[in-house]
Every structure is written in C-alpha cells, then in structure tokens.
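Taking it in order: structure first as structure tokens, then the write-up.
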Amino acid sequence: MTASNKACLNSTGYEFIRINSPEKIASEIENFFKNKNLFGTVYVSVEGINVNLAGNEEIVKSVEKLFHTHNLFKNILFKHTYSEKPPFRKLKVKIKPEIISIKKEVNNIFNIKRNYIEPKELEEKLDNGENVYLLDTRNNYEINIGSFKNAKNLNILKFDEFAEKVDELKEIDGEVVMFCTGGIRCEKALGYLNEEGIDSFKQLKGGIINYLYETEGKHWDGECFVFDDRITLDKDLKPTYKKLCPKCQKVINTFDRTKCEVCR
C-alpha cells in the first residue's frame with residue numbers, strides 16, 4: 001500500500017451492550033469528536049453502538065482510545081483500512097432503535113454465546129480441506145461482487161429477510177461459520193438464532209474485513225462491498241471505487257454517483 005493510499009484511516013467497530021440512555025451516550029460521543037476533523041457515522045441504540053469513522057490516522061486512533069476508556073465500549077474491536085480520502089461526506093451521530101436492523105425482537109443479544117472463529121483459524125481449516133459450511137449472511141448484490149469460494153447464501157435482498165430463513169438453517173448439518181462485512185450482522189443473527197434454538201453456529205471474528213487484514217485473502221474470490229463511497233475493496237483492502245450507486249447498487253458510468261438515474 002502506497003503512502004498516498006494511507007492518507008485517510010477508516011475505522012469500523014461495534015458493541016452490543018445495554019445502553020439505558022442513548023441520548024446521554026450520544027452527547028458524550030459528540031464530545032469525543034469536538035474540534036477533530038472526522039467523517040463517518042455513529043449509531044447509538046439501547047442495544048449498543050455501531051461506529052464508522054474516517055480521517056487522519058493519529059486523530060482516528062486517539063478517538064478509538066477514548067472509546068476504549070469508556071466503561072461501556074472498552075471491548076470494541078476496531079477494524080482498519082486506508083484510502084486516499086474520507087469515504088464519507090460528513091460526520092453524523094444518530095440515535096436509532098437498533099444499531100443493525102433485523103426487524104425482529106432479540107431479547108438475549110447481550111447474553112448470547114459468541115462463538116467466534118479467528119480469521120487464521122478459519123484459513124487453516126480451509127487450507128486443510130475441513131468440511132466447513134460457510135454461510136454468507138449478506139445481501140445478494142454484495143455476494144455477486146465477491147465471497148468465499150464455495151460459500152452458501154440465503155438469497156436475501158436485505159438483512160431483515162434473514163429471520164425468514166430459520167427453518168432452512170435448522171436443516172444444516174456440520175460446522176457452520178457465518179460471515180458478513182464486519183461482523184455486526186452475524187452477531188445480531190446469532191442472537192436471533194439462539195432464541196430459535198440454534199446455538200452451534202460460529203461467526204468469523206471481525207468479518208471479511210478482519211479476514212483480509214489478518215490473512216492474504218486466500219479462499220476469497222472477488223471484492224468486498226462496503227457501505228460508503230469506496231463502494232468495494234480488493235483483497236489488499238484497497239478501495240476500487242467500483243461504479244455502482246451506493247444507494248441501489250446499480251452500475252452507473254460516472255464517478256459522481258449522486259447522478260444515478262434510478263434513485264436520484
């Protein structure tokens with residue numbers, strides 16, 4: 001990765017933890033960002049926090065330290081990628097009903113058995129040809145851009161359709177490893193699956209981003225879709241700026257993706 005590509009650090013992380021006063025926490029977080037030139041989104045909910053930040057590396061890492069000194073957020077795993085410029089237009093801190101929506105009540109999200117599998121452990125299993133059922137929990141348009149070799153998927157158009165596939169998932173035999181971009185969807189899915197009687201599934205820790213960071217991307221085919229202006233990342237986590245509309249993911253032929261004919 002060249003120096004120019006490292007001009008901006010992109011940091012993502014989440015934590016499912018009970019927040020009794022999201023408004024108070026959102027205010028504290030806004031104080032974290034005071035007088036700092038940062039971009040991105042932070043969603044705060046009664047179920048936790050979802051953080052996506054971009055900016056100067058030193059500033060971003062200083063804010064990560066502030067999160068880690070907070071009694072609620074000390075366990076956030078931040079995943080890092082780099083780009084030439086921030087892939088967000090501004091900084092937003094929002095209070096939401098959920099930090100990731102599955103449109104179903106998940107009462108045990110704070111107490112689920114988090115069956116993490118580390119990226120290098122998964123790589124080793126795949127190297128050895130072990131019979132691992134890789135389950136891609138992402139949307140179809142993301143999967144069409146890239147996924148693990150021989151991975152299965154649920155043929156869903158949006159994440160809140162995941163809950164409709166429970167009966168299908170109960171029929172799977174063997175070791176199941178779920179994965180998504182950064183881990184947050186899999187963790188929410190695990191909470192729902194636990195309530196439906198499925199507690200043996202594992203999730204790739206830190207998701208695809210962490211896997212590509214910790215390994216050389218073996219067993220991965222294609223690119224990884226991300227929900228910002230970079231659109232996709234290659235195996236080296238470099239942005240490709242694929243010409244897709246970030247709202248509807250239709251291919252368009254201009255770098256100015258605000259001019260999509262479908263959803264402008």
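Each chain in the structure tokens gets a letter, A, B and so on, in the order shown; residues start at 1 in every chain, and ligands are counted from 1 in the order they appear.
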Checklist line | Those in region 84-158 of chain A with strand (DSSP E) from DSSP, as a list in words | finding: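 Answer for region 84-158 of chain A restricted to strand (DSSP E) is Leu91, Lys92, Val93, Lys94, Ile95, Tyr116, Ile117, Val132, Tyr133, Leu134, Leu135, Asp136, Gly146, Ser147, Phe148, Lys152 and Asn153 of chain A.
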Could you build a table of the residues in region 23-49 of chain A lying no more than 9 Å from region 59-79 of chain A, giving for each the nearest pair of atoms and their separation in Å rounded to one decimal place, using only C-alpha atoms, ordered by chain and ascending residue number, as a tab-separated table?
```
residue	atom	partner	partner_atom	distance
A:Ile29	CA	A:Phe67	CA	8.3
A:Phe32	CA	A:Val63	CA	6.5
A:Phe33	CA	A:Val63	CA	7.3
A:Lys36	CA	A:Ile59	CA	7.1
A:Asn37	CA	A:Ile59	CA	8.0
A:Leu38	CA	A:Val60	CA	7.6
A:Gly48	CA	A:Leu72	CA	8.8
A:Ile49	CA	A:Phe73	CA	8.4
```
Convert the current residue selection to file output with N, CA and C atoms, as an mmCIF file, in the first residue's frame.
```
data_model
loop_
_atom_site.group_PDB
_atom_site.id
_atom_site.type_symbol
_atom_site.label_atom_id
_atom_site.label_comp_id
_atom_site.auth_asym_id
_atom_site.auth_seq_id
_atom_site.Cartn_x
_atom_site.Cartn_y
_atom_site.Cartn_z
ATOM 1 N N ILE A 29 -20.324 11.049 23.086
ATOM 2 C CA ILE A 29 -19.562 10.727 21.875
ATOM 3 C C ILE A 29 -19.317 11.970 21.037
ATOM 4 N N PHE A 32 -16.372 13.523 22.220
ATOM 5 C CA PHE A 32 -15.157 12.853 21.741
ATOM 6 C C PHE A 32 -14.656 13.515 20.453
ATOM 7 N N PHE A 33 -15.619 13.936 19.613
ATOM 8 C CA PHE A 33 -15.287 14.420 18.277
ATOM 9 C C PHE A 33 -15.042 15.929 18.208
ATOM 10 N N LYS A 36 -12.246 17.954 16.154
ATOM 11 C CA LYS A 36 -11.494 16.959 15.379
ATOM 12 C C LYS A 36 -12.114 16.874 13.983
ATOM 13 N N ASN A 37 -11.279 16.834 12.987
ATOM 14 C CA ASN A 37 -11.737 16.813 11.596
ATOM 15 C C ASN A 37 -11.994 15.365 11.171
ATOM 16 N N LEU A 38 -13.176 14.869 11.535
ATOM 17 C CA LEU A 38 -13.518 13.481 11.274
ATOM 18 C C LEU A 38 -14.778 13.375 10.423
ATOM 19 N N GLY A 48 -26.726 -0.963 21.812
ATOM 20 C CA GLY A 48 -25.291 -0.818 21.635
ATOM 21 C C GLY A 48 -24.892 0.314 20.717
ATOM 22 N N ILE A 49 -23.751 0.136 20.056
ATOM 23 C CA ILE A 49 -23.168 1.199 19.241
ATOM 24 C C ILE A 49 -22.542 0.609 17.983
#
```
Note to self: Would you pick out the contacts of Ile172 (chain A) at 12 Å or less, using only C-alpha atoms, so that residues sharing its chain but fewer than 4 positions from it are not included, and give the list as a VMD selection string?
What the structure shows: chain A and resid 132 to 135 152 165 to 168 176 to 177 198 200 to 201
Could you write out that same residue set with N, CA and C atoms as a PDB file, in the first residue's frame?
```
ATOM      1  N   VAL A 132     -16.269 -27.309   6.283  1.00  0.00           N
ATOM      2  CA  VAL A 132     -16.863 -26.146   6.939  1.00  0.00           C
ATOM      3  C   VAL A 132     -17.976 -25.595   6.051  1.00  0.00           C
ATOM      4  N   TYR A 133     -19.143 -25.403   6.627  1.00  0.00           N
ATOM      5  CA  TYR A 133     -20.267 -24.815   5.900  1.00  0.00           C
ATOM      6  C   TYR A 133     -20.171 -23.300   6.070  1.00  0.00           C
ATOM      7  N   LEU A 134     -19.653 -22.618   5.046  1.00  0.00           N
ATOM      8  CA  LEU A 134     -19.507 -21.164   5.088  1.00  0.00           C
ATOM      9  C   LEU A 134     -20.819 -20.517   4.667  1.00  0.00           C
ATOM     10  N   LEU A 135     -21.409 -19.738   5.566  1.00  0.00           N
ATOM     11  CA  LEU A 135     -22.712 -19.129   5.310  1.00  0.00           C
ATOM     12  C   LEU A 135     -22.572 -17.614   5.201  1.00  0.00           C
ATOM     13  N   LYS A 152     -22.107 -20.717   0.881  1.00  0.00           N
ATOM     14  CA  LYS A 152     -23.552 -20.767   0.635  1.00  0.00           C
ATOM     15  C   LYS A 152     -24.154 -19.428   1.063  1.00  0.00           C
ATOM     16  N   LYS A 165     -35.451 -17.275   7.210  1.00  0.00           N
ATOM     17  CA  LYS A 165     -34.723 -18.458   6.743  1.00  0.00           C
ATOM     18  C   LYS A 165     -34.404 -19.446   7.870  1.00  0.00           C
ATOM     19  N   VAL A 166     -34.967 -19.236   9.051  1.00  0.00           N
ATOM     20  CA  VAL A 166     -34.603 -20.063  10.209  1.00  0.00           C
ATOM     21  C   VAL A 166     -34.876 -21.538   9.976  1.00  0.00           C
ATOM     22  N   ASP A 167     -36.033 -21.883   9.435  1.00  0.00           N
ATOM     23  CA  ASP A 167     -36.359 -23.295   9.214  1.00  0.00           C
ATOM     24  C   ASP A 167     -35.347 -23.937   8.271  1.00  0.00           C
ATOM     25  N   GLU A 168     -34.936 -23.185   7.268  1.00  0.00           N
ATOM     26  CA  GLU A 168     -33.928 -23.666   6.321  1.00  0.00           C
ATOM     27  C   GLU A 168     -32.587 -23.901   7.032  1.00  0.00           C
ATOM     28  N   VAL A 176     -20.957 -24.828  11.026  1.00  0.00           N
ATOM     29  CA  VAL A 176     -21.401 -23.658  10.262  1.00  0.00           C
ATOM     30  C   VAL A 176     -20.638 -22.431  10.740  1.00  0.00           C
ATOM     31  N   VAL A 177     -20.041 -21.709   9.789  1.00  0.00           N
ATOM     32  CA  VAL A 177     -19.370 -20.441  10.091  1.00  0.00           C
ATOM     33  C   VAL A 177     -20.049 -19.344   9.279  1.00  0.00           C
ATOM     34  N   ILE A 198     -31.029 -22.474  17.843  1.00  0.00           N
ATOM     35  CA  ILE A 198     -29.765 -22.772  17.165  1.00  0.00           C
ATOM     36  C   ILE A 198     -28.639 -22.085  17.916  1.00  0.00           C
ATOM     37  N   SER A 200     -25.187 -23.522  17.852  1.00  0.00           N
ATOM     38  CA  SER A 200     -23.904 -24.126  17.480  1.00  0.00           C
ATOM     39  C   SER A 200     -23.169 -23.363  16.377  1.00  0.00           C
ATOM     40  N   PHE A 201     -23.856 -22.422  15.720  1.00  0.00           N
ATOM     41  CA  PHE A 201     -23.227 -21.694  14.622  1.00  0.00           C
ATOM     42  C   PHE A 201     -22.089 -20.813  15.157  1.00  0.00           C
TER      43      PHE A 201
END
```
Notebook entry, point to check: Using only C-alpha atoms, which of the listed residues (A:Leu212, A:Cys224, A:Ile99, A:Ile117) sits closest to Asn139 (chain A)?
Noted result: A:Cys224
Item checked: Proximity to Gly206 (chain A) - best of A:Arg230, A:Lys238, A:His219, A:His80, only C-alpha atoms -> A:His80
Check: What are the DSSP helix (DSSP H, G or I) residues of region 132-200 of chain A, as a list in words?
Finding: Asn140, Tyr141, Glu142, Ile143, Asn144, Ile145, Phe159, Asp160, Glu161, Phe162, Ala163, Glu164, Lys165, Val166, Asp167, Glu168, Leu169, Ile184, Arg185, Cys186, Glu187, Lys188, Ala189, Leu190, Gly191, Tyr192, Leu193, Asn194 and Glu195 of chain A
Go ahead and save the residues from that selection, with C-alpha atoms, as a PDB file, in the first residue's frame.
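Heads up, here's the output in out.pdb:
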```pdb
ATOM      1  CA  ASN A 140     -27.321 -10.757  -2.950  1.00  0.00           C
ATOM      2  CA  TYR A 141     -25.754  -7.691  -4.572  1.00  0.00           C
ATOM      3  CA  GLU A 142     -22.824  -7.886  -2.123  1.00  0.00           C
ATOM      4  CA  ILE A 143     -22.348 -11.602  -2.751  1.00  0.00           C
ATOM      5  CA  ASN A 144     -22.333 -11.047  -6.515  1.00  0.00           C
ATOM      6  CA  ILE A 145     -19.271  -8.801  -6.084  1.00  0.00           C
ATOM      7  CA  PHE A 159     -30.720  -8.305   6.061  1.00  0.00           C
ATOM      8  CA  ASP A 160     -34.127  -8.200   7.719  1.00  0.00           C
ATOM      9  CA  GLU A 161     -35.112 -11.149   5.483  1.00  0.00           C
ATOM     10  CA  PHE A 162     -32.628 -13.315   7.410  1.00  0.00           C
ATOM     11  CA  ALA A 163     -35.182 -14.223  10.074  1.00  0.00           C
ATOM     12  CA  GLU A 164     -37.416 -15.822   7.415  1.00  0.00           C
ATOM     13  CA  LYS A 165     -34.723 -18.458   6.743  1.00  0.00           C
ATOM     14  CA  VAL A 166     -34.603 -20.063  10.209  1.00  0.00           C
ATOM     15  CA  ASP A 167     -36.359 -23.295   9.214  1.00  0.00           C
ATOM     16  CA  GLU A 168     -33.928 -23.666   6.321  1.00  0.00           C
ATOM     17  CA  LEU A 169     -30.952 -23.093   8.650  1.00  0.00           C
ATOM     18  CA  ILE A 184     -22.242  -6.939  13.218  1.00  0.00           C
ATOM     19  CA  ARG A 185     -24.904  -8.663  11.101  1.00  0.00           C
ATOM     20  CA  CYS A 186     -23.680 -12.120  12.107  1.00  0.00           C
ATOM     21  CA  GLU A 187     -23.758 -11.230  15.790  1.00  0.00           C
ATOM     22  CA  LYS A 188     -27.322  -9.922  15.557  1.00  0.00           C
ATOM     23  CA  ALA A 189     -28.256 -13.016  13.560  1.00  0.00           C
ATOM     24  CA  LEU A 190     -26.725 -15.263  16.230  1.00  0.00           C
ATOM     25  CA  GLY A 191     -28.884 -13.590  18.858  1.00  0.00           C
ATOM     26  CA  TYR A 192     -31.995 -14.359  16.849  1.00  0.00           C
ATOM     27  CA  LEU A 193     -30.879 -17.911  16.060  1.00  0.00           C
ATOM     28  CA  ASN A 194     -30.190 -18.595  19.748  1.00  0.00           C
ATOM     29  CA  GLU A 195     -33.786 -17.667  20.553  1.00  0.00           C
TER      30      GLU A 195
END
```
Check: Nearest to Glu123 (chain A) among A:Gly40, A:Pro86, A:Gly146, A:Gly217, with distances taken over only C-alpha atoms: which residue is it?
Finding: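 Smallest separation from Glu123 (chain A) among the options: A:Gly217.
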